[in-house]
Structures are given as structure tokens and as C-alpha cells.
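Q: Could you have a look at this structure, given as C-alpha cells, before my questions?
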Amino acid sequence: MKQATSRKALQTVIAVSAAAPLLSGLVGLSGIFNPLFLQKLPENTLLDTNLRFLNAMSVAVGLAFYFIIPVIEKETFACRALCATIIFGGIGRLISIFDLGKPPGIVLVFMAVELSVPVLIIFWQKRLAMKQN
């Protein structure tokens, strides 16, 4: 694949992928009242504040990905740090499975994406950055 084509393809993959933490984070800012939850959560201030904080972090990760897209071949550290953030989130979900059991199926899909797509992006960006030098 040509350098310019590979760059555009990676930028597109990141743009589409970054929509997930951005949009889910925005919805998640509603805390325990998140309309995507399949059940009503108990009113708990500690849980609500933690959910809102973590969802704000998701918004920040999504936005940060969008900021590096235009110069993705030069942003190796930022790309790796953001991808690591997503991977650690997936690992957190995996720990939850061991502690509390299997979540709804869609969460398993999210986890699979969180543990695989960032790895692909890291290697793709590295290859692109190496060709740039």
C-alpha cells in the first residue's frame, strides 16, 4: 500500500474508532441515569460521580485522538499513550469478568475491540512513522 493511501486509511480507522469513546463518554456523562443501561442503577453518589469522571475521561481520549489525526505519522508517543489507555480499559473489563461474571454480550464485543484495535493502530502508526523518516 502506498504511503499516502496507508496514511489516509489509518486516519480513517482512527476517526471512526475515536467516535466510540467520544460518543459513549458523552452519553455516559449522565452517570447512573445513563439511558443505555439495561437496568436502573441504585441512586449512589459515589457511583454516579465515578461514572461521570470516567466518562469524561472517555470524551477526552476520543477528542485527543481527533487532535492527532492530521499529523498521525509524527505522533507516535501520543498515539501509543491513547491506545494504551483503551487497552487498559479493556483489561479492566476483563478483570470485572473474573470478579463478577459475564456481562451482556455487547460489552464482550466492546472488550474484544478495546483489546485488539488499539494494537493494530500502534503497529500501523509505527510502520507509517518509520517510512516517514
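Ordered as shown in the C-alpha cells, chains take letters A, B, and onward, while each chain numbers its residues from 1 and ligands are numbered from 1 in the order shown.
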Write out as a ChimeraX atom specification which residues come within 12 Å of Thr45 in chain A when counting only C-alpha atoms, dropping same-chain ones fewer than 6 positions away.

A: /A:31-33,51-52

Q: Please tabulate, as JSON lines, the residues of range 48-100 of chain A that come within 6 Å of range 106-119 of chain A, each with its closest pair of atoms and the distance in Å to one decimal, counting only C-alpha atoms and ordering rows by chain, then residue number upward.

A:
```
{"residue": "A:Cys83", "atom": "CA", "partner": "A:Pro118", "partner_atom": "CA", "distance": 4.9}
{"residue": "A:Ile86", "atom": "CA", "partner": "A:Glu114", "partner_atom": "CA", "distance": 5.7}
{"residue": "A:Ile87", "atom": "CA", "partner": "A:Leu115", "partner_atom": "CA", "distance": 5.2}
{"residue": "A:Gly90", "atom": "CA", "partner": "A:Met111", "partner_atom": "CA", "distance": 5.0}
```

Q: Please report the interatomic distance between CA of Ala56 in chain A and CA of Leu26 in chain A in Å with one decimal.

A: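 CA of Leu26 in chain A lies 7.3 Å from CA of Ala56 in chain A.
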
Q: CA of Glu43 in chain A and CA of Ser30 in chain A, how far apart in Å?

A: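 CA of Glu43 in chain A lies at a distance of 12.5 Å from CA of Ser30 in chain A.
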
Q: From the set A:Lys2, A:Gly25, A:Ala129, A:Ala19, which residue has the shortest atom-to-atom contact distance to Phe77 in chain A, counting only C-alpha atoms?

A: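 Smallest separation from Phe77 in chain A among the options: A:Ala129.
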
Q: Give me the residues near range 68-76 of chain A as a CSV table (one decimal) with C-alpha atoms, in the first residue's frame, where near means some atom within 6 Å (using only C-alpha atoms) and where sequence neighbours in that chain fewer than 2 positions away do not count.

A:
```csv
chain,number,residue,atom,x,y,z
A,11,GLN,CA,-6.6,8.3,9.7
A,65,PHE,CA,-7.4,11.0,19.0
A,66,TYR,CA,-9.1,13.6,16.7
A,78,ALA,CA,0.6,10.3,21.8
A,79,CYS,CA,-0.9,7.5,19.6
A,128,LEU,CA,3.9,4.7,8.9
A,129,ALA,CA,6.2,6.8,11.1
```

Q: Under the rule that only C-alpha atoms are counted, which of A:Ala4, A:Ser58, A:Lys131, A:Leu46 is the nearest residue to Gly28 in chain A?

A: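 The shortest atom-to-atom distance to Gly28 in chain A comes from A:Ser58.
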
Q: Would you please work out which residue, of A:Pro42, A:Gly101, A:Gly62, A:Pro35, is nearest to Ala18 in chain A when using only C-alpha atoms?

A: A:Gly62

Q: Would you compute the distance between CA of Val61 in chain A and CA of Leu10 in chain A? Give it in Å to one decimal.

A: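 CA of Val61 in chain A sits 17.1 Å away from CA of Leu10 in chain A.
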